[in-house]
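*Asks:* Sharing a structure, written as structure tokens. Questions coming.
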Amino acid sequence: MPDTERLTYLLSRARQRLATDEEYTELLDMIQADDTGVVNAQLEAFHGPAVPSTEDEDPAVWQHIITAVLATDKPAPAPGRVVPLFWKWTAAACIVILAGTIYLRQRPSPAPAPQVAVSTTPDVAPGGNKAMLTLGDGSQITLDSAGNGVLAQQGNSKITKLANGQLVYDASGSSQGKILYNTMSTPLGGQYKLVLPDATTVWLNAGSSVTYPTAFTGTERKVSVTGEAYFEVTKDPAMPFRVTANNTTVEVLGTHFNINAYKDEASVNTTLLEGAVRLHAHNRQLLLKPGQQARVSVHNTDVQVADNVDISSIVAWKEGYFSFNDADLPTVMRQLARWYNVEVTYEGKIPERVFSGEIGRSLSLSQVLKGLSRTRIKYRIEDGRRIIIEP
């Protein structure tokens with residue numbers, strides 16, 4: 001049973017900005033170790049509703065606490081490399097951080113918090129390593145249930161599933177003969193990692209696919225993508241690597257980049273982390289530098305380039321968490337819908353909220369929605385997998 005007196009003491013120290021690094025670490029440990037819900041209840045009782053109820057409540061106090069607690073578990077990036085941050089939060093910690101960040105975004109309101117409908121339907125588990133491999137002859141292999149070892153032979157390439165679940169193509173031997181094409185696709189609620197015949201590594205997000213040859217020959221390496229994928233491309237100046245997605249083609253020699261081409265997004269977004277890429281879209285060519293994101297509209301011929309984007313937020317999905325930076329509610333719900341394989345609909349006007357913060361993708365849907373409800377979002381769940389956002 002958590003020591004509630006000690007928890008109250010630590011929170012008081014943090015609120016007064018008197019806590020030491022050791023006390024912040026102890027506070028984080030108490031949150032992470034709690035499997036009873038007592039700590040979360042105590043936290044809620046300590047800082048009250050998600051929106052300040054009086055003008056003398058200082059949001060900066062809770063910003064300070066959140067920042068300090070986060071800092072106790074933040075990994076340091078390797079020198080010279082951009083590395084996304086990843087906090088392995090328990091349910092209580094995620095809810096506190098989400099509630100805290102939204103607490104800082106909302107204006108005071110005298111209206112009481114509305115009651116959220118309680119659903120008795122079964123909880124929805126988070127997504128995991130799930131994918132389907134379609135071979136050149138049309139046959140399919142369900143990768144999440146397939147055993148480790150050699151799964152198939154495609155031309156001169158052996159397809160092997162490693163113990164960590166990763167799929168690898170061994171392209172040793174002659175590359176002569178007919179080139180076969182394979183497609184790896186992830187369902188909603190799935191993700192997977194793939195190593196192509198040239199040793200390029202691909203991470204697929206939920207509801208995505210990549211189609212590629214089982215051996216790269218000729219003057220280019222060409223693959224096509226739907227949904228979202230992150231690439232770490234092996235350098236080969238003699239054979240450029242090209243990715244096509246919707247109305248966009250990305251050409252690279254060797255680099256790290258993320259491409260988001262979901263059909264329910266307004267644009268195809270290509271974000272460069274390392275190296276350089278040349279982007280072709282709407283009869284235009286753009287050269288991206290690290291930290292830039294190209295946004296190609298799917299509705300018109302508009303192409304925009306954003307500088308100094310939040311790289312860690314964009315690739316957070318492959319590191320195991322959601323990251324939101326001033327995201328509106330539909331943006332948040334689209335990501336949740338893909339990962340938990342649920343349908344989201346809205347009744348009436350969509351609530352205007354701005355979200356910033358991180359949520360672990362290992363949480364169940366009910367744990368995430370509990371944090372969401374702290375931001376005065378009303379919802380109900382029907383048929384187990386349909387979330388209705390109420391006005």
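Ordering of the structure tokens sets the chain letters (A, B, ...), residue numbers begin anew at 1 in every chain, and ligands are numbered from 1 in the order given.
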Can you tell me, as a list of chain:residue names, what residues are no more than 12 Å from Glu390 in chain A when counting only C-alpha atoms, ignoring any on the same chain fewer than 3 positions away?
*Replies:* A:Pro114, A:Gln115, A:Val116, A:Ala117, A:Val344, A:Thr345, A:Tyr346, A:Glu347, A:Gly348, A:Lys349, A:Ile350, A:Pro351, A:Glu352, A:Ser373, A:Arg376, A:Ile377, A:Lys378, A:Tyr379, A:Arg380, A:Ile381, A:Ile387
*Asks:* Kindly indicate which residue among A:Asn300, A:Thr200, A:Asp264, A:Arg278 lies nearest to Pro330 in chain A, using only C-alpha atoms for the distances.
*Replies:*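 For Pro330 in chain A, the nearest of the given residues is A:Asp264.
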*Asks:* Could you give me, as number ranges by chain, the residues within 6 Å of range 233-247 of chain A, counting only C-alpha atoms and dropping anything in the same chain fewer than 2 positions from it?
*Replies:* A: 200, 219-225, 231, 249-255
*Asks:* Mind giving me the straight-line distance from CA of Arg374 in chain A to CA of Tyr340 in chain A in Å, one decimal?
*Replies:* 19.9 Å
*Asks:* Got a sec: who's within 12 Å of Thr142 in chain A, counting only C-alpha atoms, leaving out chain neighbours fewer than 6 positions off, as a PDB file with N, CA, C and O atoms, in the first residue's frame?
*Replies:*
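The resulting around_38.pdb:
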ATOM      1  N   ASN A 129       2.969  -5.805 -32.180  1.00  0.00           N
ATOM      2  CA  ASN A 129       3.638  -6.244 -33.400  1.00  0.00           C
ATOM      3  C   ASN A 129       2.732  -7.193 -34.177  1.00  0.00           C
ATOM      4  O   ASN A 129       2.652  -8.385 -33.883  1.00  0.00           O
ATOM      5  N   LYS A 130       2.051  -6.638 -35.164  1.00  0.00           N
ATOM      6  CA  LYS A 130       1.126  -7.408 -35.994  1.00  0.00           C
ATOM      7  C   LYS A 130       1.314  -6.986 -37.441  1.00  0.00           C
ATOM      8  O   LYS A 130       1.364  -5.794 -37.737  1.00  0.00           O
ATOM      9  N   ALA A 131       1.406  -7.945 -38.335  1.00  0.00           N
ATOM     10  CA  ALA A 131       1.559  -7.613 -39.748  1.00  0.00           C
ATOM     11  C   ALA A 131       1.258  -8.833 -40.604  1.00  0.00           C
ATOM     12  O   ALA A 131       1.336  -9.978 -40.143  1.00  0.00           O
ATOM     13  N   MET A 132       0.925  -8.558 -41.846  1.00  0.00           N
ATOM     14  CA  MET A 132       0.690  -9.591 -42.852  1.00  0.00           C
ATOM     15  C   MET A 132       1.707  -9.406 -43.969  1.00  0.00           C
ATOM     16  O   MET A 132       1.910  -8.297 -44.455  1.00  0.00           O
ATOM     17  N   LEU A 133       2.361 -10.514 -44.375  1.00  0.00           N
ATOM     18  CA  LEU A 133       3.305 -10.483 -45.477  1.00  0.00           C
ATOM     19  C   LEU A 133       2.669 -11.163 -46.677  1.00  0.00           C
ATOM     20  O   LEU A 133       2.287 -12.332 -46.616  1.00  0.00           O
ATOM     21  N   THR A 134       2.543 -10.417 -47.773  1.00  0.00           N
ATOM     22  CA  THR A 134       2.004 -10.964 -49.008  1.00  0.00           C
ATOM     23  C   THR A 134       3.164 -11.224 -49.968  1.00  0.00           C
ATOM     24  O   THR A 134       3.899 -10.301 -50.334  1.00  0.00           O
ATOM     25  N   LEU A 135       3.325 -12.491 -50.374  1.00  0.00           N
ATOM     26  CA  LEU A 135       4.437 -12.887 -51.226  1.00  0.00           C
ATOM     27  C   LEU A 135       4.128 -12.628 -52.697  1.00  0.00           C
ATOM     28  O   LEU A 135       3.014 -12.234 -53.058  1.00  0.00           O
ATOM     29  N   LEU A 151      11.007 -18.164 -43.271  1.00  0.00           N
ATOM     30  CA  LEU A 151       9.579 -18.256 -43.547  1.00  0.00           C
ATOM     31  C   LEU A 151       9.296 -18.606 -45.002  1.00  0.00           C
ATOM     32  O   LEU A 151       8.308 -19.286 -45.302  1.00  0.00           O
ATOM     33  N   LYS A 161      12.349 -14.558 -40.011  1.00  0.00           N
ATOM     34  CA  LYS A 161      11.822 -13.844 -38.853  1.00  0.00           C
ATOM     35  C   LYS A 161      12.758 -14.088 -37.680  1.00  0.00           C
ATOM     36  O   LYS A 161      12.991 -15.228 -37.286  1.00  0.00           O
ATOM     37  N   GLY A 165      11.168 -10.558 -33.505  1.00  0.00           N
ATOM     38  CA  GLY A 165      10.005 -10.287 -34.321  1.00  0.00           C
ATOM     39  C   GLY A 165      10.304  -9.567 -35.621  1.00  0.00           C
ATOM     40  O   GLY A 165       9.441  -9.437 -36.483  1.00  0.00           O
ATOM     41  N   LEU A 167      11.607  -8.766 -39.351  1.00  0.00           N
ATOM     42  CA  LEU A 167      11.674  -9.524 -40.589  1.00  0.00           C
ATOM     43  C   LEU A 167      12.880  -9.067 -41.401  1.00  0.00           C
ATOM     44  O   LEU A 167      13.101  -7.866 -41.584  1.00  0.00           O
ATOM     45  N   MET A 184       4.400  -5.837 -47.093  1.00  0.00           N
ATOM     46  CA  MET A 184       4.123  -5.991 -45.664  1.00  0.00           C
ATOM     47  C   MET A 184       3.070  -4.959 -45.296  1.00  0.00           C
ATOM     48  O   MET A 184       3.209  -3.779 -45.616  1.00  0.00           O
ATOM     49  N   SER A 185       2.015  -5.386 -44.630  1.00  0.00           N
ATOM     50  CA  SER A 185       0.948  -4.476 -44.220  1.00  0.00           C
ATOM     51  C   SER A 185       0.611  -4.709 -42.759  1.00  0.00           C
ATOM     52  O   SER A 185       0.571  -5.851 -42.293  1.00  0.00           O
ATOM     53  N   THR A 186       0.387  -3.623 -42.056  1.00  0.00           N
ATOM     54  CA  THR A 186      -0.011  -3.701 -40.657  1.00  0.00           C
ATOM     55  C   THR A 186      -1.489  -3.347 -40.540  1.00  0.00           C
ATOM     56  O   THR A 186      -1.961  -2.428 -41.212  1.00  0.00           O
ATOM     57  N   PRO A 187      -2.225  -4.045 -39.684  1.00  0.00           N
ATOM     58  CA  PRO A 187      -3.628  -3.679 -39.474  1.00  0.00           C
ATOM     59  C   PRO A 187      -3.716  -2.484 -38.541  1.00  0.00           C
ATOM     60  O   PRO A 187      -2.705  -2.044 -37.966  1.00  0.00           O
ATOM     61  N   GLY A 190      -1.631  -2.345 -35.179  1.00  0.00           N
ATOM     62  CA  GLY A 190      -0.414  -3.112 -35.418  1.00  0.00           C
ATOM     63  C   GLY A 190       0.753  -2.230 -35.796  1.00  0.00           C
ATOM     64  O   GLY A 190       0.594  -1.079 -36.215  1.00  0.00           O
ATOM     65  N   TYR A 192       5.225  -2.911 -37.197  1.00  0.00           N
ATOM     66  CA  TYR A 192       6.209  -3.945 -37.491  1.00  0.00           C
ATOM     67  C   TYR A 192       7.485  -3.310 -38.018  1.00  0.00           C
ATOM     68  O   TYR A 192       7.478  -2.187 -38.544  1.00  0.00           O
TER      69      TYR A 192
END
